[in-house]
>>> print(open('final04.cif').read())   # mmCIF, C-alpha atoms, pLDDT in the B column; chains and numbers go by the auth columns
data_my_file
loop_
_atom_site.group_PDB
_atom_site.id
_atom_site.type_symbol
_atom_site.label_atom_id
_atom_site.label_comp_id
_atom_site.label_asym_id
_atom_site.label_seq_id
_atom_site.Cartn_x
_atom_site.Cartn_y
_atom_site.Cartn_z
_atom_site.B_iso_or_equiv
_atom_site.auth_seq_id
_atom_site.auth_asym_id
ATOM 1 C CA MET A 1 -3.955 3.573 -24.381 39.00 190 A
ATOM 2 C CA SER A 2 -2.712 1.104 -21.784 54.00 191 A
ATOM 3 C CA ASP A 3 -2.423 1.751 -18.093 71.00 192 A
ATOM 4 C CA ILE A 4 0.950 2.681 -16.638 73.00 193 A
ATOM 5 C CA PHE A 5 2.174 0.264 -13.957 72.00 194 A
ATOM 6 C CA TYR A 6 4.256 1.908 -11.242 76.00 195 A
ATOM 7 C CA MET A 7 6.495 -0.689 -9.699 80.00 196 A
ATOM 8 C CA THR A 8 9.373 -1.038 -7.313 79.00 197 A
ATOM 9 C CA LYS A 9 12.736 -2.194 -8.632 83.00 198 A
ATOM 10 C CA GLU A 10 12.149 -5.576 -6.954 82.00 199 A
ATOM 11 C CA GLY A 11 8.669 -5.907 -8.435 82.00 200 A
ATOM 12 C CA LEU A 12 9.930 -5.112 -11.921 87.00 201 A
ATOM 13 C CA GLU A 13 12.770 -7.638 -11.576 90.00 202 A
ATOM 14 C CA LYS A 14 10.323 -10.322 -10.399 89.00 203 A
ATOM 15 C CA LEU A 15 8.030 -9.625 -13.343 90.00 204 A
ATOM 16 C CA GLN A 16 11.018 -9.976 -15.714 93.00 205 A
ATOM 17 C CA GLU A 17 12.070 -13.267 -14.063 95.00 206 A
ATOM 18 C CA ASP A 18 8.531 -14.682 -14.188 94.00 207 A
ATOM 19 C CA LEU A 19 8.154 -13.725 -17.857 95.00 208 A
ATOM 20 C CA LYS A 20 11.525 -15.271 -18.722 96.00 209 A
ATOM 21 C CA TYR A 21 10.529 -18.514 -16.932 97.00 210 A
ATOM 22 C CA LEU A 22 7.212 -18.734 -18.774 96.00 211 A
ATOM 23 C CA LYS A 23 8.838 -18.126 -22.152 96.00 212 A
ATOM 24 C CA GLN A 24 11.902 -20.319 -21.723 96.00 213 A
ATOM 25 C CA VAL A 25 10.658 -23.162 -19.518 96.00 214 A
ATOM 26 C CA LYS A 26 6.865 -23.441 -19.543 96.00 215 A
ATOM 27 C CA ARG A 27 6.567 -22.969 -23.323 96.00 216 A
ATOM 28 C CA LYS A 28 8.956 -25.879 -23.880 96.00 217 A
ATOM 29 C CA GLU A 29 7.117 -28.075 -21.357 95.00 218 A
ATOM 30 C CA ILE A 30 3.774 -27.476 -23.056 94.00 219 A
ATOM 31 C CA ALA A 31 5.225 -27.966 -26.547 94.00 220 A
ATOM 32 C CA LYS A 32 6.637 -31.303 -25.378 94.00 221 A
ATOM 33 C CA ALA A 33 3.255 -32.323 -23.913 91.00 222 A
ATOM 34 C CA ILE A 34 1.536 -31.424 -27.213 90.00 223 A
ATOM 35 C CA ALA A 35 4.098 -33.414 -29.206 90.00 224 A
ATOM 36 C CA GLU A 36 3.693 -36.454 -26.943 88.00 225 A
ATOM 37 C CA ALA A 37 -0.088 -36.270 -27.168 85.00 226 A
ATOM 38 C CA ARG A 38 0.113 -35.935 -30.968 85.00 227 A
ATOM 39 C CA GLU A 39 2.058 -39.192 -31.158 85.00 228 A
ATOM 40 C CA LYS A 40 -0.859 -41.057 -29.582 80.00 229 A
ATOM 41 C CA GLY A 41 -2.922 -40.897 -32.738 74.00 230 A
ATOM 42 C CA ASP A 42 -6.316 -39.425 -33.581 74.00 231 A
ATOM 43 C CA LEU A 43 -6.345 -35.830 -32.368 73.00 232 A
ATOM 44 C CA SER A 44 -10.126 -35.434 -32.530 74.00 233 A
ATOM 45 C CA GLU A 45 -10.594 -37.766 -29.557 77.00 234 A
ATOM 46 C CA ASN A 46 -7.298 -37.123 -27.778 81.00 235 A
ATOM 47 C CA ALA A 47 -8.088 -35.493 -24.421 85.00 236 A
ATOM 48 C CA GLU A 48 -4.404 -35.054 -23.546 87.00 237 A
ATOM 49 C CA TYR A 49 -3.828 -33.119 -26.769 88.00 238 A
ATOM 50 C CA HIS A 50 -6.822 -30.841 -26.207 88.00 239 A
ATOM 51 C CA ALA A 51 -5.810 -30.213 -22.581 90.00 240 A
ATOM 52 C CA ALA A 52 -2.251 -29.343 -23.610 90.00 241 A
ATOM 53 C CA LYS A 53 -3.503 -26.994 -26.363 91.00 242 A
ATOM 54 C CA GLU A 54 -5.822 -25.297 -23.865 94.00 243 A
ATOM 55 C CA GLU A 55 -2.952 -24.907 -21.402 94.00 244 A
ATOM 56 C CA GLN A 56 -0.864 -23.436 -24.223 95.00 245 A
ATOM 57 C CA GLY A 57 -3.595 -20.860 -24.917 95.00 246 A
ATOM 58 C CA HIS A 58 -3.733 -19.841 -21.254 97.00 247 A
ATOM 59 C CA LEU A 59 0.055 -19.579 -21.119 96.00 248 A
ATOM 60 C CA GLU A 60 0.238 -17.400 -24.227 96.00 249 A
ATOM 61 C CA ALA A 61 -2.477 -15.101 -22.850 96.00 250 A
ATOM 62 C CA ARG A 62 -0.561 -14.790 -19.568 95.00 251 A
ATOM 63 C CA ILE A 63 2.692 -14.054 -21.413 95.00 252 A
ATOM 64 C CA SER A 64 0.950 -11.411 -23.513 95.00 253 A
ATOM 65 C CA ASN A 65 -0.486 -9.769 -20.397 91.00 254 A
ATOM 66 C CA MET A 66 2.904 -9.753 -18.670 91.00 255 A
ATOM 67 C CA GLU A 67 4.598 -8.317 -21.769 93.00 256 A
ATOM 68 C CA THR A 68 2.040 -5.503 -21.794 90.00 257 A
ATOM 69 C CA GLN A 69 2.806 -4.832 -18.130 87.00 258 A
ATOM 70 C CA MET A 70 6.543 -4.753 -18.892 88.00 259 A
ATOM 71 C CA VAL A 71 6.056 -2.251 -21.714 89.00 260 A
ATOM 72 C CA ASN A 72 3.943 -0.011 -19.502 87.00 261 A
ATOM 73 C CA ALA A 73 5.949 -0.454 -16.283 85.00 262 A
ATOM 74 C CA ARG A 74 7.625 2.555 -14.735 82.00 263 A
ATOM 75 C CA GLN A 75 10.117 2.086 -11.919 84.00 264 A
ATOM 76 C CA ILE A 76 9.490 4.357 -8.955 79.00 265 A
ATOM 77 C CA ASP A 77 12.387 6.412 -7.606 76.00 266 A
ATOM 78 C CA GLU A 78 11.964 5.858 -3.881 73.00 267 A
ATOM 79 C CA SER A 79 14.316 8.742 -3.024 74.00 268 A
ATOM 80 C CA LYS A 80 11.812 11.233 -4.456 74.00 269 A
ATOM 81 C CA LEU A 81 8.771 10.063 -2.516 74.00 270 A
ATOM 82 C CA ASP A 82 6.956 12.387 -0.115 76.00 271 A
ATOM 83 C CA ILE A 83 5.944 10.719 3.164 80.00 272 A
ATOM 84 C CA SER A 84 3.760 13.584 4.339 88.00 273 A
ATOM 85 C CA LYS A 85 0.827 11.710 2.806 91.00 274 A
ATOM 86 C CA ALA A 86 0.034 8.130 1.818 92.00 275 A
ATOM 87 C CA MET A 87 1.366 7.404 -1.662 89.00 276 A
ATOM 88 C CA ILE A 88 2.501 4.386 -3.616 87.00 277 A
ATOM 89 C CA LEU A 89 5.338 2.623 -1.705 87.00 278 A
ATOM 90 C CA SER A 90 4.292 4.253 1.571 90.00 279 A
ATOM 91 C CA LYS A 91 4.113 2.017 4.609 93.00 280 A
ATOM 92 C CA VAL A 92 0.883 3.109 6.283 96.00 281 A
ATOM 93 C CA GLU A 93 -0.038 2.172 9.841 96.00 282 A
ATOM 94 C CA VAL A 94 -3.785 2.408 10.384 96.00 283 A
ATOM 95 C CA LEU A 95 -6.321 1.786 13.095 96.00 284 A
ATOM 96 C CA ASN A 96 -9.549 0.026 12.160 94.00 285 A
ATOM 97 C CA THR A 97 -11.789 2.199 14.335 92.00 286 A
ATOM 98 C CA LYS A 98 -14.648 -0.326 14.555 90.00 287 A
ATOM 99 C CA MET A 99 -12.463 -3.261 15.623 92.00 288 A
ATOM 100 C CA ASN A 100 -9.854 -1.105 17.421 95.00 289 A
ATOM 101 C CA LYS A 101 -7.153 -3.070 15.577 95.00 290 A
ATOM 102 C CA LYS A 102 -3.866 -1.699 14.230 96.00 291 A
ATOM 103 C CA MET A 103 -2.653 -2.833 10.802 95.00 292 A
ATOM 104 C CA THR A 104 0.243 -1.845 8.587 96.00 293 A
ATOM 105 C CA PHE A 105 0.068 -1.894 4.799 95.00 294 A
ATOM 106 C CA THR A 106 2.563 -1.046 2.101 93.00 295 A
ATOM 107 C CA LEU A 107 0.786 0.614 -0.809 92.00 296 A
ATOM 108 C CA VAL A 108 1.951 -0.905 -4.103 89.00 297 A
ATOM 109 C CA SER A 109 0.860 -1.273 -7.721 84.00 298 A
ATOM 110 C CA GLU A 110 -1.813 -3.787 -8.582 83.00 299 A
ATOM 111 C CA ALA A 111 0.833 -6.063 -10.109 80.00 300 A
ATOM 112 C CA GLU A 112 2.760 -6.244 -6.800 86.00 301 A
ATOM 113 C CA ALA A 113 -0.170 -6.626 -4.407 89.00 302 A
ATOM 114 C CA ASN A 114 0.183 -9.531 -1.969 90.00 303 A
ATOM 115 C CA MET A 115 -1.915 -9.652 1.200 90.00 304 A
ATOM 116 C CA LYS A 116 0.367 -12.285 2.782 94.00 305 A
ATOM 117 C CA GLU A 117 3.096 -9.636 2.755 93.00 306 A
ATOM 118 C CA ASN A 118 0.653 -6.821 3.654 93.00 307 A
ATOM 119 C CA LYS A 119 1.215 -5.248 0.233 93.00 308 A
ATOM 120 C CA LEU A 120 -2.011 -3.520 -0.678 93.00 309 A
ATOM 121 C CA SER A 121 -2.855 -2.317 -4.182 91.00 310 A
ATOM 122 C CA VAL A 122 -3.489 1.400 -4.576 90.00 311 A
ATOM 123 C CA THR A 123 -6.479 0.413 -6.723 90.00 312 A
ATOM 124 C CA SER A 124 -8.101 -1.672 -3.967 93.00 313 A
ATOM 125 C CA PRO A 125 -10.918 -0.103 -1.925 94.00 314 A
ATOM 126 C CA ILE A 126 -8.689 0.370 1.150 94.00 315 A
ATOM 127 C CA GLY A 127 -5.722 1.522 -0.944 93.00 316 A
ATOM 128 C CA LYS A 128 -7.875 4.109 -2.732 94.00 317 A
ATOM 129 C CA ALA A 129 -9.216 5.370 0.596 95.00 318 A
ATOM 130 C CA LEU A 130 -5.725 5.786 2.091 95.00 319 A
ATOM 131 C CA LEU A 131 -4.083 7.319 -0.973 92.00 320 A
ATOM 132 C CA GLY A 132 -3.318 11.029 -0.621 92.00 321 A
ATOM 133 C CA ASN A 133 -4.297 11.300 3.057 95.00 322 A
ATOM 134 C CA LYS A 134 -2.087 12.445 5.942 94.00 323 A
ATOM 135 C CA VAL A 135 -1.369 11.161 9.450 95.00 324 A
ATOM 136 C CA GLY A 136 -4.400 11.659 11.676 95.00 325 A
ATOM 137 C CA ALA A 137 -6.912 11.522 8.830 95.00 326 A
ATOM 138 C CA LYS A 138 -9.958 9.288 9.136 96.00 327 A
ATOM 139 C CA VAL A 139 -10.916 7.607 5.881 96.00 328 A
ATOM 140 C CA ASN A 140 -13.759 5.347 4.834 95.00 329 A
ATOM 141 C CA ALA A 141 -13.081 2.381 2.571 94.00 330 A
ATOM 142 C CA HIS A 142 -16.058 1.066 0.631 93.00 331 A
ATOM 143 C CA THR A 143 -15.297 -2.679 0.534 90.00 332 A
ATOM 144 C CA PRO A 144 -17.476 -5.567 -0.666 90.00 333 A
ATOM 145 C CA GLY A 145 -17.996 -6.434 3.018 88.00 334 A
ATOM 146 C CA GLY A 146 -19.246 -2.939 3.820 91.00 335 A
ATOM 147 C CA GLU A 147 -17.765 0.381 4.807 94.00 336 A
ATOM 148 C CA ILE A 148 -14.696 0.364 7.071 94.00 337 A
ATOM 149 C CA GLU A 149 -13.300 3.421 8.820 95.00 338 A
ATOM 150 C CA PHE A 150 -9.563 3.747 9.311 96.00 339 A
ATOM 151 C CA GLN A 151 -7.484 6.351 11.061 96.00 340 A
ATOM 152 C CA ILE A 152 -3.985 6.875 9.672 96.00 341 A
ATOM 153 C CA LEU A 153 -1.494 6.584 12.540 96.00 342 A
ATOM 154 C CA ASN A 154 1.861 6.734 10.749 95.00 343 A
ATOM 155 C CA ILE A 155 3.347 6.958 7.268 94.00 344 A
ATOM 156 C CA SER A 156 6.898 5.887 6.411 91.00 345 A
ATOM 157 C CA LEU A 157 8.935 4.303 3.629 83.00 346 A
#
>>> encode(input="final04.cif", output="structure tokens")
Amino acid sequence: MSDIFYMTKEGLEKLQEDLKYLKQVKRKEIAKAIAEAREKGDLSENAEYHAAKEEQGHLEARISNMETQMVNARQIDESKLDISKAMILSKVEVLNTKMNKKMTFTLVSEAEANMKENKLSVTSPIGKALLGNKVGAKVNAHTPGGEIEFQILNISL
């Protein structure tokens, strides 16, 4: 059984747009590159042909993965979220107790994670540590760089 992906409306729309682009634009570009490479003769020694076929394989694998995500995606109803504890879609302000530095993360699905936008996956070490805890709680995140202690300062949507 596949994993369920909980996503925001925006995240689901972006996934749909990306999938549509890959199917309608990138597939055609790669098919054209394969056709052009085929016209150059002997395929056994045609590096352009082999590169285009490899790119096609990667594209089809990516499309398949995204289609699986779409099938298993569930849109989250933000109006029914409880902000008494850190949950998916919560905006969590934390204090890194060792560095005495405040940070704010939005907890999202793995598919929507983006550190540039401070969107943290609920399956990441820090996301897992924050999930289900309330304001004032101190949590330890077991990261590849070692253990980090955070104190939850605020939770909002």
>>> closest_atom_pairs(input="final04.cif", of="range 223-280 of chain A", to="range 308-318 of chain A", cutoff="12 Å", atoms="all atoms listed in the file", output="Markdown table")
| residue | atom | partner | partner_atom | distance |
| --- | --- | --- | --- | --- |
| A:Ala275 | CA | A:Gly316 | CA | 9.2 |
| A:Met276 | CA | A:Val311 | CA | 8.3 |
| A:Ile277 | CA | A:Val311 | CA | 6.8 |
| A:Leu278 | CA | A:Lys308 | CA | 9.1 |
| A:Ser279 | CA | A:Lys308 | CA | 10.1 |
| A:Lys280 | CA | A:Lys308 | CA | 9.0 |
>>> resolve_selection(input="final04.cif", expression="the PyMOL selection byres ((chain A and resi 210-219) around 9)", output="PyMOL selection string")
chain A and resi 205-209+220-224+241-242+244-245+248-249+251-252
>>> atom_distance(input="final04.cif", atom1="CA of Asn261 in chain A", atom2="CA of Asp192 in chain A")
6.8 Å
>>> residues_around(input="final04.cif", residues="Ile344 in chain A", least_positions_apart="5", cutoff="10 Å", atoms="all atoms listed in the file", output="number ranges by chain")
A: 271-276, 279-283, 293-295, 322-324
>>> closest_residue(input="final04.cif", among="A:Ser233, A:Ser298, A:Asn329, A:Thr197", to="Gln264 in chain A", atoms="all atoms listed in the file")
A:Thr197
>>> atom_distance(input="final04.cif", atom1="CA of Phe194 in chain A", atom2="CA of Lys269 in chain A")
17.4 Å
>>> closest_residue(input="final04.cif", among="A:Tyr195, A:Ser253, A:Glu228, A:Leu342", to="Leu296 in chain A", atoms="only C-alpha atoms")
A:Tyr195
>>> atom_distance(input="final04.cif", atom1="CA of Asp266 in chain A", atom2="CA of Glu301 in chain A")
15.9 Å
>>> closest_residue(input="final04.cif", among="A:Glu267, A:Glu234, A:Glu336, A:Glu306", to="Met196 in chain A", atoms="all atoms listed in the file")
A:Glu267
>>> closest_residue(input="final04.cif", among="A:His247, A:Lys198, A:Lys287, A:Lys203", to="Gly335 in chain A", atoms="only C-alpha atoms")
A:Lys287
>>> closest_residue(input="final04.cif", among="A:Ile337, A:Ala236, A:Ala326, A:Ala250", to="Met288 in chain A", atoms="all atoms listed in the file")
A:Ile337
>>> axis_aligned_box(input="final04.cif", around="range 301-318 of chain A", padding_each_side="8 Å", output="AutoDock Vina command-line options")
--center_x -3.9 --center_y -3.5 --center_z -1.6 --size_x 30.0 --size_y 33.7 --size_z 26.5
>>> decode(input="final04.cif", residues="range 243-341 of chain A", atoms="C-alpha atoms", output="PDB file, in the first residue's frame")
ATOM      1  CA  GLU A 243      18.565   7.756 -20.794  1.00  0.00           C
ATOM      2  CA  GLU A 244      16.942  11.149 -20.240  1.00  0.00           C
ATOM      3  CA  GLN A 245      13.651   9.658 -21.434  1.00  0.00           C
ATOM      4  CA  GLY A 246      13.964   6.866 -18.848  1.00  0.00           C
ATOM      5  CA  HIS A 247      14.586   9.366 -16.048  1.00  0.00           C
ATOM      6  CA  LEU A 248      11.640  11.476 -17.191  1.00  0.00           C
ATOM      7  CA  GLU A 249       9.270   8.508 -17.296  1.00  0.00           C
ATOM      8  CA  ALA A 250      10.366   7.430 -13.805  1.00  0.00           C
ATOM      9  CA  ARG A 251       9.753  10.963 -12.511  1.00  0.00           C
ATOM     10  CA  ILE A 252       6.323  11.090 -14.167  1.00  0.00           C
ATOM     11  CA  SER A 253       5.427   7.721 -12.660  1.00  0.00           C
ATOM     12  CA  ASN A 254       6.486   8.899  -9.201  1.00  0.00           C
ATOM     13  CA  MET A 255       4.469  12.109  -9.521  1.00  0.00           C
ATOM     14  CA  GLU A 256       1.408  10.193 -10.745  1.00  0.00           C
ATOM     15  CA  THR A 257       1.655   7.953  -7.682  1.00  0.00           C
ATOM     16  CA  GLN A 258       1.808  11.050  -5.481  1.00  0.00           C
ATOM     17  CA  MET A 259      -1.267  12.482  -7.229  1.00  0.00           C
ATOM     18  CA  VAL A 260      -3.240   9.277  -6.685  1.00  0.00           C
ATOM     19  CA  ASN A 261      -2.303   9.201  -3.012  1.00  0.00           C
ATOM     20  CA  ALA A 262      -2.557  12.953  -2.355  1.00  0.00           C
ATOM     21  CA  ARG A 263      -5.111  14.214   0.126  1.00  0.00           C
ATOM     22  CA  GLN A 264      -5.837  17.925   0.365  1.00  0.00           C
ATOM     23  CA  ILE A 265      -5.800  19.245   3.913  1.00  0.00           C
ATOM     24  CA  ASP A 266      -8.765  21.297   5.111  1.00  0.00           C
ATOM     25  CA  GLU A 267      -6.984  24.146   6.864  1.00  0.00           C
ATOM     26  CA  SER A 268     -10.180  25.272   8.625  1.00  0.00           C
ATOM     27  CA  LYS A 269     -10.213  22.052  10.663  1.00  0.00           C
ATOM     28  CA  LEU A 270      -6.656  22.242  11.965  1.00  0.00           C
ATOM     29  CA  ASP A 271      -5.933  22.453  15.692  1.00  0.00           C
ATOM     30  CA  ILE A 272      -3.192  24.952  16.584  1.00  0.00           C
ATOM     31  CA  SER A 273      -2.887  23.842  20.194  1.00  0.00           C
ATOM     32  CA  LYS A 274      -0.058  21.574  19.047  1.00  0.00           C
ATOM     33  CA  ALA A 275       2.343  21.403  16.109  1.00  0.00           C
ATOM     34  CA  MET A 276       0.710  19.618  13.184  1.00  0.00           C
ATOM     35  CA  ILE A 277       1.042  19.585   9.428  1.00  0.00           C
ATOM     36  CA  LEU A 278       0.544  23.151   8.074  1.00  0.00           C
ATOM     37  CA  SER A 279       1.367  24.672  11.463  1.00  0.00           C
ATOM     38  CA  LYS A 280       3.748  27.604  11.486  1.00  0.00           C
ATOM     39  CA  VAL A 281       6.031  26.826  14.420  1.00  0.00           C
ATOM     40  CA  GLU A 282       8.361  29.381  15.980  1.00  0.00           C
ATOM     41  CA  VAL A 283      11.190  27.679  17.850  1.00  0.00           C
ATOM     42  CA  LEU A 284      14.282  28.593  19.793  1.00  0.00           C
ATOM     43  CA  ASN A 285      17.447  26.598  19.164  1.00  0.00           C
ATOM     44  CA  THR A 286      18.507  26.442  22.814  1.00  0.00           C
ATOM     45  CA  LYS A 287      22.200  25.778  22.096  1.00  0.00           C
ATOM     46  CA  MET A 288      22.622  28.667  19.645  1.00  0.00           C
ATOM     47  CA  ASN A 289      19.950  30.883  21.269  1.00  0.00           C
ATOM     48  CA  LYS A 290      18.525  31.491  17.783  1.00  0.00           C
ATOM     49  CA  LYS A 291      14.846  31.842  16.862  1.00  0.00           C
ATOM     50  CA  MET A 292      13.559  30.149  13.701  1.00  0.00           C
ATOM     51  CA  THR A 293      10.133  29.717  12.168  1.00  0.00           C
ATOM     52  CA  PHE A 294       9.135  26.667  10.149  1.00  0.00           C
ATOM     53  CA  THR A 295       5.945  25.675   8.399  1.00  0.00           C
ATOM     54  CA  LEU A 296       5.406  21.937   8.741  1.00  0.00           C
ATOM     55  CA  VAL A 297       4.422  20.436   5.381  1.00  0.00           C
ATOM     56  CA  SER A 298       4.349  17.107   3.555  1.00  0.00           C
ATOM     57  CA  GLU A 299       7.565  15.694   2.191  1.00  0.00           C
ATOM     58  CA  ALA A 300       6.462  16.611  -1.338  1.00  0.00           C
ATOM     59  CA  GLU A 301       6.138  20.315  -0.405  1.00  0.00           C
ATOM     60  CA  ALA A 302       9.287  20.693   1.694  1.00  0.00           C
ATOM     61  CA  ASN A 303      11.480  23.640   0.690  1.00  0.00           C
ATOM     62  CA  MET A 304      14.089  25.007   3.094  1.00  0.00           C
ATOM     63  CA  LYS A 305      14.418  28.265   1.112  1.00  0.00           C
ATOM     64  CA  GLU A 306      10.808  28.973   2.077  1.00  0.00           C
ATOM     65  CA  ASN A 307      11.251  27.520   5.597  1.00  0.00           C
ATOM     66  CA  LYS A 308       8.857  24.691   4.724  1.00  0.00           C
ATOM     67  CA  LEU A 309       9.973  21.704   6.738  1.00  0.00           C
ATOM     68  CA  SER A 310       8.825  18.144   6.067  1.00  0.00           C
ATOM     69  CA  VAL A 311       6.987  16.410   8.893  1.00  0.00           C
ATOM     70  CA  THR A 312       9.149  13.371   8.104  1.00  0.00           C
ATOM     71  CA  SER A 313      12.433  15.245   8.627  1.00  0.00           C
ATOM     72  CA  PRO A 314      14.240  14.844  11.965  1.00  0.00           C
ATOM     73  CA  ILE A 315      13.234  18.341  13.152  1.00  0.00           C
ATOM     74  CA  GLY A 316       9.697  17.994  11.781  1.00  0.00           C
ATOM     75  CA  LYS A 317       9.235  14.661  13.569  1.00  0.00           C
ATOM     76  CA  ALA A 318      10.513  16.166  16.819  1.00  0.00           C
ATOM     77  CA  LEU A 319       8.114  19.134  16.638  1.00  0.00           C
ATOM     78  CA  LEU A 320       5.046  17.190  15.526  1.00  0.00           C
ATOM     79  CA  GLY A 321       2.395  16.809  18.228  1.00  0.00           C
ATOM     80  CA  ASN A 322       4.093  19.076  20.786  1.00  0.00           C
ATOM     81  CA  LYS A 323       2.647  22.218  22.383  1.00  0.00           C
ATOM     82  CA  VAL A 324       3.939  25.734  23.044  1.00  0.00           C
ATOM     83  CA  GLY A 325       6.594  25.670  25.754  1.00  0.00           C
ATOM     84  CA  ALA A 326       7.683  22.101  25.050  1.00  0.00           C
ATOM     85  CA  LYS A 327      11.370  21.317  24.666  1.00  0.00           C
ATOM     86  CA  VAL A 328      12.082  18.727  21.998  1.00  0.00           C
ATOM     87  CA  ASN A 329      15.220  17.001  20.788  1.00  0.00           C
ATOM     88  CA  ALA A 330      15.769  16.460  17.075  1.00  0.00           C
ATOM     89  CA  HIS A 331      18.176  13.686  16.146  1.00  0.00           C
ATOM     90  CA  THR A 332      19.785  15.114  12.985  1.00  0.00           C
ATOM     91  CA  PRO A 333      22.749  13.816  10.972  1.00  0.00           C
ATOM     92  CA  GLY A 334      24.775  16.669  12.503  1.00  0.00           C
ATOM     93  CA  GLY A 335      23.896  15.597  16.039  1.00  0.00           C
ATOM     94  CA  GLU A 336      21.133  16.221  18.523  1.00  0.00           C
ATOM     95  CA  ILE A 337      19.541  19.685  18.589  1.00  0.00           C
ATOM     96  CA  GLU A 338      17.230  20.935  21.319  1.00  0.00           C
ATOM     97  CA  PHE A 339      14.393  23.278  20.435  1.00  0.00           C
ATOM     98  CA  GLN A 340      11.840  25.036  22.570  1.00  0.00           C
ATOM     99  CA  ILE A 341       8.489  25.717  20.908  1.00  0.00           C
TER     100      ILE A 341
END
